[in-house]
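Heads up, the thing below is written out as structure tokens.
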Amino acid sequence: MEIHDNQQESWSETESTESRRSSRVGYSGPLSGPLVSNKRNGSKNKSARFKDDNEMVEITLDVRDDSVSVQNIRGGDSETAFLASRLEMRPTSLSARLRQVSQELKRMTSSKAFDRVDRSKSGAARALKGLKFMTKSVGTEGWSQVEKRFDELAVEGKLPKTRFSQCIGMNESKDFAGELFDALARRRGITSASITKDELREFWDQITDQSFDSRLQTFFDMVDKNADGRIAEEEVKEIIALSASANKLSKIQERAEEYAALIMEELDPNNLGYIELYNLEMLLLQAPAQSAHITTDSRVLSQMLSQKLVPTKERNPIKRGFRALAYFIQDNWKRIWILALWLGICAGLFTWKFIQYKHRAVFDIMGYCVTTAKGGAETTKFNMALILLPVCRNTITWLRSRTKLGMVVPFDDNINFHKVIAFGIAIGVGLHAISHLTCDFPRLLHATDAEYEPMKPFFGDERPNNYWWFVKGTEGWTGVVMVVLMAIAFILAQPWFRRNRLNLPKPLKKLTGFNAFWYSHHLFVIVYVLFIIHGYFLYLQKKWYKKTTWMYLAVPMILYGCERLVRAFRSGYKSVRIQKVAVYPGNVLALQVSKPQGFKYTSGQYIYVNCSDISPFEWHPFSITSAPGDDYISVHIRTLGDWTSQLKGIFAKACQPASDGQSGLLRADMLPGNNKPIPRMPRLRIDGPYGAPAQDYKNYEVLLLVGLGIGATPLISILKDVLNNIKQQQDLEEGAVENGVKNNKKKPFVTKRAYFYWVTREQGSFEWFKSVMNEIAENDKEGVIELHNYCTSVYEEGDARSALITMLQSLHHAKSGVDIVSETRIKTHFARPNWRTVYKHAALKHPDKRVGVFYCGTHGLVGELKRLSLDFSRKTSTKFDFHKENF
């Protein structure tokens, strides 16, 4: 379109433009038509008339020396008025003004003759809320905060482009903010690399504009770098690379050229070499919805459930407290009765010994100090025996798998109970040692000869003459050494030291970490030997049958000793052959080893792994990721600590680089047919399997599996087991199973539905279980397993920084059936799940059912998931049983 002053306008170009575009997809965009000019009163009034099938739109512009303003608009709608108002620019010369107006009108007239995209559809309605340049965490700050930051960051009254991202609160996306700055500046004819506060206010008003058309135009401007109203393939490639970089999607960034070609192929079928604004709108509004549609009935039920879940506060504090107590007991009754029994036994033993020594002659000299010391000693004997039971892994696995005790005993809390007992030991040792060292011994040293007379059978005819006499004796030095060793083990077992959370100097840092925890805990062998000696050489008890320390310890120590012998014997012949090794993104080492004969396990269990090349003594636990039906055992190990880093280094030396088409950075395949020379592989031994909370999944008809990062490992095994049972059921129905299997009297597989939510920060993490995802998508014809992958590095749906990724994802998945983020058939969601919505979905789908919720990951999410399980269990007919594993 050309602009003519005081000349007869020609419609030929407009007509040819419309005829050229009429073959493309219908769309109702901004305006199209010629511009008519009239001079009045020293200014130029230019009228543009735009002809449509049903109406005529006329825009009159008032062009003065320093401004261009909209004088009048006849016809059109609110969208027309909005777009026309954007023409009010302040160029520097008449020719620049005319070019600016022409350029804007070309954009506005690019697509008016086409049918409007239906924005009332559900997918379009969701998309209209998208393309937000300011998220909740940024946009809610408002202009006042941005203005305040401008005053802090401005240089000589202007804000440099390099500080624009910081000023508007987009620190994590500096490159994206830079492109946004350029787009906003181009539209206003700003060529400087810095802006004033007034210009910043204009920028801010535009990027926080709630109008979808405004946001769409801003995004279009970001892509259209030469401001010609058209987007070329190279510009599409650049914005894809920018969006991928902002969302930390390195693989998409590497394939930006391929994905740009895909968009051009879809939106430019006539090979014009460019796409326009209406194409971008169609791609956004007509993209398939990511979330499942809810039927009318389901929506009504959802609203009713939401009303039911609204928290109601009881006004009566007594009733409120009673209800909270009732809920607490209901949720923790297993733990409560175990702790109550333990505390009752400890209190009983303390009281029994306290009363016993109160009636002995020694009480007359030492008083309540000796009764307190002996009471503490008795509880310490009991707890030193009891603390071994929670770590008898084979015994606990057998009890939880073969007996019904799991219904009343919380086996999942065995390590927590071990810690509680350790705290009880610390209290007992403290009472015993402090009472003796600060009270009993000083009283005995200061006793008169008459008072000491009854003590001669215990301490000798000659009264001890100094404090050192007590310490150097067998009873004294064994006690002191035990306290020191216990203190070392207790301190290094704390999370701050075990997980290296403290910023310590390098020499001290080497003394912490998992290895320090592991070795210090094995000092218990010395502690128990000293404990038995200390309990035999007693000052106040000379008869052997009244020296009860060995009686407390005999059975637990024999049981624990047998456990260690079984582990040593079993691991000795369970040296496995390594079949496959791969190192995946995110520093995850995947090991696939041969399955020892007779090795049986359940999904959700774990094994201990030992690598003699690192240390013949260290054993580390890892969840099994293979299914019981597989002919191999696999584990996925994240390299976080010293041992895992050394393990990765050893395999990195032994493995060959992966060939094209193979996942993982390093790989060693030792399968039949591989004639290449095989380097010496490290020798691995395994011990197990051992029970874990996730193994109880078979008790539930409906499963809700939640994994964070590497926490997905035990849940993947469960999914594979469910999948194998689906396949077996299909084979049975098709008559493909041989005789003998049909008569199998195995317990039928209970699980009928499984929901899996995997949340991870990195795109590369999806490679860990890529084959499992594709296998489930291919074989689960009945939709028994519902997979939901979430990548938290990508900004949430609706954010402008992830808008193009969302469009590209929908386009690519619709065409090839493969997700661009996970590179599997499972479509990836962005940001974090709304867990309340997840529970609500399960409650609506499965009324009157008991859902097993299994979580594995960091401790941060435990509280929310547990609270939601309790909340939905109390207020709906669906009961949620929460199980967790933390790492």
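Each chain in the structure tokens gets a letter, A, B, ..., in the order shown, and its residues are numbered from 1; ligands are numbered from 1 in order too.
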
| field | Surrounding residues of A:His521 excluding itself and chain neighbours under 2 positions, 12 Å, only C-alpha atoms, as a list in words | value | Ala422, Leu485, Met486, Ala487, Ile488, Ala489, Phe490, Ile491, Leu492, Ala493, Gln494, Arg498, Phe514, Asn515, Ala516, Phe517, Trp518, Tyr519, Leu523, Phe524, Val525, Ile526, Val527 and Tyr528 of chain A

Those same residues, written as a tab-separated table (two decimals), in the first residue's frame with N, CA, C and O atoms?
```tsv
chain	number	residue	atom	x	y	z
A	422	ALA	N	17.97	-43.88	69.60
A	422	ALA	CA	19.28	-43.26	69.80
A	422	ALA	C	19.17	-42.05	70.72
A	422	ALA	O	20.04	-41.83	71.58
A	485	LEU	N	32.95	-42.29	71.62
A	485	LEU	CA	32.61	-42.94	70.35
A	485	LEU	C	31.14	-42.72	69.98
A	485	LEU	O	30.81	-42.49	68.81
A	486	MET	N	30.26	-42.78	70.97
A	486	MET	CA	28.83	-42.53	70.72
A	486	MET	C	28.61	-41.10	70.24
A	486	MET	O	27.81	-40.85	69.34
A	487	ALA	N	29.32	-40.17	70.86
A	487	ALA	CA	29.17	-38.76	70.47
A	487	ALA	C	29.62	-38.53	69.03
A	487	ALA	O	28.96	-37.80	68.26
A	488	ILE	N	30.73	-39.18	68.63
A	488	ILE	CA	31.22	-39.04	67.24
A	488	ILE	C	30.18	-39.57	66.26
A	488	ILE	O	29.84	-38.92	65.26
A	489	ALA	N	29.68	-40.78	66.54
A	489	ALA	CA	28.69	-41.39	65.64
A	489	ALA	C	27.41	-40.56	65.59
A	489	ALA	O	26.81	-40.37	64.52
A	490	PHE	N	26.98	-40.04	66.74
A	490	PHE	CA	25.74	-39.27	66.80
A	490	PHE	C	25.86	-37.97	66.02
A	490	PHE	O	24.96	-37.58	65.28
A	491	ILE	N	27.00	-37.29	66.17
A	491	ILE	CA	27.20	-35.99	65.49
A	491	ILE	C	27.29	-36.18	63.98
A	491	ILE	O	26.64	-35.46	63.21
A	492	LEU	N	28.08	-37.16	63.52
A	492	LEU	CA	28.26	-37.36	62.08
A	492	LEU	C	27.02	-37.92	61.40
A	492	LEU	O	26.94	-37.94	60.17
A	493	ALA	N	26.06	-38.41	62.19
A	493	ALA	CA	24.81	-38.91	61.62
A	493	ALA	C	23.80	-37.80	61.37
A	493	ALA	O	22.79	-38.03	60.70
A	494	GLN	N	24.06	-36.61	61.89
A	494	GLN	CA	23.14	-35.50	61.69
A	494	GLN	C	23.15	-35.06	60.22
A	494	GLN	O	24.19	-35.11	59.56
A	498	ARG	N	26.11	-35.38	57.50
A	498	ARG	CA	25.97	-36.54	56.59
A	498	ARG	C	25.76	-36.09	55.15
A	498	ARG	O	26.24	-36.73	54.21
A	514	PHE	N	28.79	-38.88	53.66
A	514	PHE	CA	28.21	-40.20	53.89
A	514	PHE	C	29.25	-41.21	54.35
A	514	PHE	O	28.98	-42.05	55.21
A	515	ASN	N	30.44	-41.13	53.77
A	515	ASN	CA	31.48	-42.09	54.17
A	515	ASN	C	31.82	-41.95	55.65
A	515	ASN	O	32.00	-42.95	56.36
A	516	ALA	N	31.93	-40.71	56.12
A	516	ALA	CA	32.22	-40.49	57.54
A	516	ALA	C	31.09	-41.05	58.40
A	516	ALA	O	31.33	-41.67	59.44
A	517	PHE	N	29.86	-40.82	57.96
A	517	PHE	CA	28.71	-41.38	58.69
A	517	PHE	C	28.77	-42.90	58.72
A	517	PHE	O	28.57	-43.53	59.77
A	518	TRP	N	29.07	-43.50	57.58
A	518	TRP	CA	29.05	-44.96	57.47
A	518	TRP	C	30.13	-45.59	58.36
A	518	TRP	O	29.86	-46.53	59.11
A	519	TYR	N	31.34	-45.07	58.27
A	519	TYR	CA	32.44	-45.65	59.06
A	519	TYR	C	32.25	-45.38	60.55
A	519	TYR	O	32.54	-46.25	61.38
A	523	LEU	N	31.60	-48.00	64.36
A	523	LEU	CA	32.29	-48.03	65.65
A	523	LEU	C	31.44	-48.73	66.71
A	523	LEU	O	31.91	-48.98	67.82
A	524	PHE	N	30.16	-49.04	66.33
A	524	PHE	CA	29.28	-49.67	67.32
A	524	PHE	C	29.84	-51.02	67.78
A	524	PHE	O	29.53	-51.48	68.88
A	525	VAL	N	30.65	-51.66	66.94
A	525	VAL	CA	31.23	-52.95	67.33
A	525	VAL	C	32.10	-52.76	68.59
A	525	VAL	O	31.99	-53.52	69.57
A	526	ILE	N	32.95	-51.71	68.57
A	526	ILE	CA	33.78	-51.42	69.74
A	526	ILE	C	32.92	-51.00	70.92
A	526	ILE	O	33.15	-51.41	72.07
A	527	VAL	N	31.88	-50.20	70.65
A	527	VAL	CA	31.00	-49.72	71.72
A	527	VAL	C	30.33	-50.87	72.43
A	527	VAL	O	30.26	-50.90	73.68
A	528	TYR	N	29.84	-51.86	71.68
A	528	TYR	CA	29.13	-52.97	72.32
A	528	TYR	C	30.09	-53.85	73.13
A	528	TYR	O	29.71	-54.37	74.21
```

| query | If we count only C-alpha atoms, what is near A:Asn886 at a cut-off of 7 Å, once residues fewer than 6 positions away on the same chain are taken out, given as a list in words? | reply | Cys856, Gly857, Thr858 and His859 of chain A

Residues from last step as file, N, CA and C atoms, as a PDB file, in the first residue's frame:
```
ATOM      1  N   CYS A 856       8.126 -40.438  46.413  1.00  0.00           N
ATOM      2  CA  CYS A 856       9.560 -40.596  46.624  1.00  0.00           C
ATOM      3  C   CYS A 856      10.255 -39.346  46.110  1.00  0.00           C
ATOM      4  N   GLY A 857      10.987 -38.681  46.992  1.00  0.00           N
ATOM      5  CA  GLY A 857      11.678 -37.456  46.610  1.00  0.00           C
ATOM      6  C   GLY A 857      12.165 -36.716  47.832  1.00  0.00           C
ATOM      7  N   THR A 858      12.466 -35.455  47.653  1.00  0.00           N
ATOM      8  CA  THR A 858      12.943 -34.648  48.772  1.00  0.00           C
ATOM      9  C   THR A 858      11.831 -34.434  49.790  1.00  0.00           C
ATOM     10  N   HIS A 859      12.227 -34.020  50.985  1.00  0.00           N
ATOM     11  CA  HIS A 859      11.267 -33.912  52.083  1.00  0.00           C
ATOM     12  C   HIS A 859      10.311 -32.733  51.906  1.00  0.00           C
TER      13      HIS A 859
END
```

| message | Using only C-alpha atoms, which protein or nucleic acid residues come within 12 Å of A:Thr397? Drop anything in the same chain fewer than 5 positions from it, and give the result as a list in words. | response |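 My reading of the contact set: Pro390, Val391, Cys392, Arg402, Thr403, Leu405, Gly406, Phe411, Asp412, Asn414, Glu563, Tyr601, Thr602, Gln605, Tyr606, Ile607, Gly688, Pro689, Tyr690, Gly691, Ala692, Pro693, Gln695 and Asp696 of chain A.
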
| Selection near stretch 769-778 of chain A, 6 Å with only C-alpha atoms, sequence-local residues under 2 positions removed, as number ranges by chain | A: 766-767, 780, 824-825

Hey, what does DSSP flag as helix (DSSP H, G or I) within stretch 412-488 of chain A? Can you give it to me as an mmCIF file with N, CA and C atoms, in the first residue's frame?
```cif
data_model
loop_
_atom_site.group_PDB
_atom_site.id
_atom_site.type_symbol
_atom_site.label_atom_id
_atom_site.label_comp_id
_atom_site.auth_asym_id
_atom_site.auth_seq_id
_atom_site.Cartn_x
_atom_site.Cartn_y
_atom_site.Cartn_z
ATOM 1 N N ASP A 412 7.460 -48.839 57.919
ATOM 2 C CA ASP A 412 8.057 -47.775 57.104
ATOM 3 C C ASP A 412 8.857 -46.788 57.943
ATOM 4 N N ASP A 413 8.570 -46.742 59.247
ATOM 5 C CA ASP A 413 9.242 -45.782 60.134
ATOM 6 C C ASP A 413 10.385 -46.418 60.912
ATOM 7 N N ASN A 414 10.946 -47.507 60.395
ATOM 8 C CA ASN A 414 11.986 -48.212 61.152
ATOM 9 C C ASN A 414 13.209 -47.327 61.416
ATOM 10 N N ILE A 415 13.629 -46.546 60.421
ATOM 11 C CA ILE A 415 14.802 -45.686 60.620
ATOM 12 C C ILE A 415 14.468 -44.546 61.582
ATOM 13 N N ASN A 416 13.263 -44.017 61.482
ATOM 14 C CA ASN A 416 12.853 -42.960 62.417
ATOM 15 C C ASN A 416 12.826 -43.486 63.854
ATOM 16 N N PHE A 417 12.336 -44.722 64.020
ATOM 17 C CA PHE A 417 12.317 -45.323 65.355
ATOM 18 C C PHE A 417 13.739 -45.570 65.847
ATOM 19 N N HIS A 418 14.628 -45.954 64.943
ATOM 20 C CA HIS A 418 16.050 -46.128 65.272
ATOM 21 C C HIS A 418 16.626 -44.818 65.824
ATOM 22 N N LYS A 419 16.244 -43.695 65.196
ATOM 23 C CA LYS A 419 16.720 -42.380 65.659
ATOM 24 C C LYS A 419 16.128 -42.020 67.019
ATOM 25 N N VAL A 420 14.855 -42.354 67.223
ATOM 26 C CA VAL A 420 14.208 -42.076 68.510
ATOM 27 C C VAL A 420 14.902 -42.850 69.630
ATOM 28 N N ILE A 421 15.214 -44.106 69.362
ATOM 29 C CA ILE A 421 15.898 -44.928 70.372
ATOM 30 C C ILE A 421 17.284 -44.350 70.665
ATOM 31 N N ALA A 422 17.968 -43.876 69.600
ATOM 32 C CA ALA A 422 19.285 -43.259 69.804
ATOM 33 C C ALA A 422 19.175 -42.048 70.721
ATOM 34 N N PHE A 423 18.106 -41.279 70.568
ATOM 35 C CA PHE A 423 17.883 -40.141 71.453
ATOM 36 C C PHE A 423 17.648 -40.616 72.887
ATOM 37 N N GLY A 424 16.908 -41.721 73.029
ATOM 38 C CA GLY A 424 16.688 -42.299 74.363
ATOM 39 C C GLY A 424 17.981 -42.764 74.998
ATOM 40 N N ILE A 425 18.877 -43.324 74.170
ATOM 41 C CA ILE A 425 20.187 -43.751 74.685
ATOM 42 C C ILE A 425 20.976 -42.539 75.164
ATOM 43 N N ALA A 426 20.925 -41.460 74.394
ATOM 44 C CA ALA A 426 21.650 -40.241 74.782
ATOM 45 C C ALA A 426 21.158 -39.720 76.127
ATOM 46 N N ILE A 427 19.844 -39.768 76.357
ATOM 47 C CA ILE A 427 19.295 -39.319 77.643
ATOM 48 C C ILE A 427 19.739 -40.241 78.772
ATOM 49 N N GLY A 428 19.663 -41.553 78.523
ATOM 50 C CA GLY A 428 20.067 -42.524 79.543
ATOM 51 C C GLY A 428 21.539 -42.405 79.905
ATOM 52 N N VAL A 429 22.388 -42.273 78.881
ATOM 53 C CA VAL A 429 23.827 -42.126 79.120
ATOM 54 C C VAL A 429 24.098 -40.821 79.869
ATOM 55 N N GLY A 430 23.386 -39.769 79.488
ATOM 56 C CA GLY A 430 23.573 -38.491 80.168
ATOM 57 C C GLY A 430 23.220 -38.568 81.639
ATOM 58 N N LEU A 431 22.061 -39.170 81.967
ATOM 59 C CA LEU A 431 21.663 -39.321 83.371
ATOM 60 C C LEU A 431 22.672 -40.155 84.149
ATOM 61 N N HIS A 432 23.125 -41.237 83.518
ATOM 62 C CA HIS A 432 24.047 -42.155 84.193
ATOM 63 C C HIS A 432 25.414 -41.493 84.421
ATOM 64 N N ALA A 433 25.987 -40.920 83.370
ATOM 65 C CA ALA A 433 27.335 -40.368 83.473
ATOM 66 C C ALA A 433 27.377 -39.114 84.339
ATOM 67 N N ILE A 434 26.423 -38.222 84.140
ATOM 68 C CA ILE A 434 26.430 -36.973 84.903
ATOM 69 C C ILE A 434 26.207 -37.240 86.393
ATOM 70 N N SER A 435 25.289 -38.157 86.698
ATOM 71 C CA SER A 435 25.019 -38.470 88.116
ATOM 72 C C SER A 435 26.245 -39.061 88.785
ATOM 73 N N HIS A 436 26.942 -39.960 88.095
ATOM 74 C CA HIS A 436 28.140 -40.567 88.672
ATOM 75 C C HIS A 436 29.274 -39.558 88.811
ATOM 76 N N LEU A 437 29.581 -38.857 87.730
ATOM 77 C CA LEU A 437 30.779 -38.009 87.705
ATOM 78 C C LEU A 437 30.642 -36.743 88.542
ATOM 79 N N THR A 438 29.453 -36.205 88.611
ATOM 80 C CA THR A 438 29.297 -34.913 89.318
ATOM 81 C C THR A 438 28.678 -35.047 90.700
ATOM 82 N N CYS A 439 28.182 -36.238 91.034
ATOM 83 C CA CYS A 439 27.463 -36.352 92.307
ATOM 84 C C CYS A 439 27.918 -37.555 93.137
ATOM 85 N N ASP A 440 27.817 -38.755 92.555
ATOM 86 C CA ASP A 440 28.149 -39.976 93.317
ATOM 87 C C ASP A 440 29.600 -39.989 93.790
ATOM 88 N N PHE A 441 30.524 -39.854 92.851
ATOM 89 C CA PHE A 441 31.942 -39.966 93.196
ATOM 90 C C PHE A 441 32.394 -38.870 94.164
ATOM 91 N N PRO A 442 32.020 -37.600 93.951
ATOM 92 C CA PRO A 442 32.406 -36.574 94.941
ATOM 93 C C PRO A 442 31.851 -36.869 96.331
ATOM 94 N N ARG A 443 30.633 -37.373 96.440
ATOM 95 C CA ARG A 443 30.051 -37.686 97.744
ATOM 96 C C ARG A 443 30.830 -38.804 98.428
ATOM 97 N N LEU A 444 31.227 -39.795 97.640
ATOM 98 C CA LEU A 444 31.986 -40.908 98.218
ATOM 99 C C LEU A 444 33.357 -40.445 98.709
ATOM 100 N N LEU A 445 33.990 -39.542 97.952
ATOM 101 C CA LEU A 445 35.301 -39.040 98.345
ATOM 102 C C LEU A 445 35.237 -38.227 99.636
ATOM 103 N N ASP A 449 34.632 -41.827 107.703
ATOM 104 C CA ASP A 449 34.982 -43.243 107.825
ATOM 105 C C ASP A 449 33.770 -44.076 108.202
ATOM 106 N N ALA A 450 32.944 -43.561 109.094
ATOM 107 C CA ALA A 450 31.749 -44.302 109.504
ATOM 108 C C ALA A 450 30.781 -44.478 108.340
ATOM 109 N N GLU A 451 30.649 -43.422 107.529
ATOM 110 C CA GLU A 451 29.744 -43.499 106.370
ATOM 111 C C GLU A 451 30.294 -44.445 105.301
ATOM 112 N N TYR A 452 31.636 -44.527 105.211
ATOM 113 C CA TYR A 452 32.243 -45.359 104.180
ATOM 114 C C TYR A 452 32.227 -46.847 104.547
ATOM 115 N N GLU A 453 32.085 -47.178 105.809
ATOM 116 C CA GLU A 453 32.167 -48.568 106.274
ATOM 117 C C GLU A 453 31.289 -49.516 105.454
ATOM 118 N N PRO A 454 30.011 -49.224 105.171
ATOM 119 C CA PRO A 454 29.188 -50.162 104.372
ATOM 120 C C PRO A 454 29.650 -50.285 102.926
ATOM 121 N N MET A 455 30.526 -49.371 102.461
ATOM 122 C CA MET A 455 30.953 -49.381 101.064
ATOM 123 C C MET A 455 32.202 -50.219 100.816
ATOM 124 N N LYS A 456 32.837 -50.725 101.882
ATOM 125 C CA LYS A 456 34.090 -51.491 101.741
ATOM 126 C C LYS A 456 33.940 -52.728 100.860
ATOM 127 N N PRO A 457 32.828 -53.482 100.950
ATOM 128 C CA PRO A 457 32.706 -54.654 100.045
ATOM 129 C C PRO A 457 32.708 -54.272 98.558
ATOM 130 N N PHE A 458 32.383 -53.035 98.237
ATOM 131 C CA PHE A 458 32.271 -52.637 96.821
ATOM 132 C C PHE A 458 33.498 -51.869 96.328
ATOM 133 N N PHE A 459 34.098 -51.016 97.188
ATOM 134 C CA PHE A 459 35.196 -50.167 96.748
ATOM 135 C C PHE A 459 36.531 -50.505 97.419
ATOM 136 N N TRP A 468 40.745 -39.441 90.253
ATOM 137 C CA TRP A 468 41.383 -40.243 89.205
ATOM 138 C C TRP A 468 41.215 -41.731 89.450
ATOM 139 N N TRP A 469 41.045 -42.111 90.712
ATOM 140 C CA TRP A 469 40.890 -43.532 91.050
ATOM 141 C C TRP A 469 39.680 -44.127 90.336
ATOM 142 N N PHE A 470 38.606 -43.348 90.221
ATOM 143 C CA PHE A 470 37.397 -43.850 89.563
ATOM 144 C C PHE A 470 37.564 -43.909 88.043
ATOM 145 N N VAL A 471 38.258 -42.907 87.486
ATOM 146 C CA VAL A 471 38.365 -42.824 86.030
ATOM 147 C C VAL A 471 39.296 -43.891 85.473
ATOM 148 N N LYS A 472 40.384 -44.199 86.183
ATOM 149 C CA LYS A 472 41.355 -45.141 85.638
ATOM 150 C C LYS A 472 40.919 -46.588 85.773
ATOM 151 N N THR A 474 38.487 -50.002 85.334
ATOM 152 C CA THR A 474 37.843 -50.570 84.139
ATOM 153 C C THR A 474 36.475 -49.942 83.904
ATOM 154 N N GLU A 475 35.730 -49.754 85.001
ATOM 155 C CA GLU A 475 34.402 -49.156 84.865
ATOM 156 C C GLU A 475 34.490 -47.726 84.319
ATOM 157 N N GLY A 476 35.567 -47.013 84.723
ATOM 158 C CA GLY A 476 35.702 -45.605 84.345
ATOM 159 C C GLY A 476 36.129 -45.410 82.900
ATOM 160 N N TRP A 477 37.252 -46.014 82.497
ATOM 161 C CA TRP A 477 37.764 -45.742 81.151
ATOM 162 C C TRP A 477 36.871 -46.324 80.065
ATOM 163 N N THR A 478 36.240 -47.467 80.340
ATOM 164 C CA THR A 478 35.315 -48.017 79.328
ATOM 165 C C THR A 478 34.132 -47.073 79.123
ATOM 166 N N GLY A 479 33.643 -46.499 80.223
ATOM 167 C CA GLY A 479 32.529 -45.560 80.105
ATOM 168 C C GLY A 479 32.897 -44.309 79.327
ATOM 169 N N VAL A 480 34.091 -43.762 79.623
ATOM 170 C CA VAL A 480 34.524 -42.535 78.936
ATOM 171 C C VAL A 480 34.718 -42.791 77.441
ATOM 172 N N VAL A 481 35.366 -43.879 77.093
ATOM 173 C CA VAL A 481 35.599 -44.199 75.672
ATOM 174 C C VAL A 481 34.274 -44.401 74.945
ATOM 175 N N MET A 482 33.333 -45.095 75.584
ATOM 176 C CA MET A 482 32.024 -45.307 74.970
ATOM 177 C C MET A 482 31.311 -43.991 74.678
ATOM 178 N N VAL A 483 31.354 -43.088 75.648
ATOM 179 C CA VAL A 483 30.672 -41.791 75.467
ATOM 180 C C VAL A 483 31.294 -41.027 74.300
ATOM 181 N N VAL A 484 32.626 -41.063 74.189
ATOM 182 C CA VAL A 484 33.306 -40.354 73.090
ATOM 183 C C VAL A 484 32.913 -40.945 71.741
ATOM 184 N N LEU A 485 32.954 -42.287 71.620
ATOM 185 C CA LEU A 485 32.611 -42.941 70.347
ATOM 186 C C LEU A 485 31.145 -42.722 69.982
ATOM 187 N N MET A 486 30.262 -42.784 70.972
ATOM 188 C CA MET A 486 28.833 -42.532 70.725
ATOM 189 C C MET A 486 28.612 -41.100 70.244
ATOM 190 N N ALA A 487 29.322 -40.167 70.855
ATOM 191 C CA ALA A 487 29.170 -38.758 70.473
ATOM 192 C C ALA A 487 29.622 -38.530 69.033
ATOM 193 N N ILE A 488 30.734 -39.178 68.628
ATOM 194 C CA ILE A 488 31.222 -39.041 67.242
ATOM 195 C C ILE A 488 30.183 -39.572 66.258
#
```

| query | With distances taken over only C-alpha atoms, which of A:Leu719, A:Ile533, A:Ala712, A:Val583 is nearest to A:Cys655? | reply |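 Result for the nearest residue to A:Cys655: A:Val583.
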
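Interatomic distance, atom CA of A:Ala554 against atom CA of A:Pro621: 28.2 Å.
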
| message | List the spatial neighbours of stretch 246-258 of chain A as an MDAnalysis selection string - criterion: any atom at most 8 Å away, only C-alpha atoms, same-chain residues fewer than 2 positions off excluded. | response | chainID A and resid 172:173 175:176 237:238 240:244 260:262 762:763 793:795 801:802 820:821

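For stretch 871-873 of chain A, the non-local neighbours within 8 Å, defined as residues at least 5 positions apart in the same chain or in other chains and counting only C-alpha atoms, are Leu309, Tyr839, Lys840, Ala843, Thr878, Lys879 and Phe880 of chain A.
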
| said: Could you check the closest approach to A:Met222 for each of A:Ile318, A:Ala193, A:Ile336, A:Ala177 and tell me which residue wins, using only C-alpha atoms? | reply: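 Closest residue, counting only C-alpha atoms: A:Ala177.
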
| For atom CA of A:Ser765 and atom CA of A:Ser822, the interatomic separation in Å (one decimal) |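 Atom CA of A:Ser822 lies 8.3 Å from atom CA of A:Ser765.
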
| said: So that I can see what lies close to A:Val759, please list as a list in words the residues with an atom at most 10 Å from it, counting only C-alpha atoms and leaving out residues fewer than 4 positions away in the same chain. | reply: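 Residues meeting the cut-off are Val706, Gly707, Leu708, Gly709, Ile710, Gly711, Ala712, Ser765, Phe766, His788, Asn789, Tyr790, Cys791, Thr792, Thr828, His829, Phe830, Ala831, Arg832, Pro833 and Gly857 of chain A.
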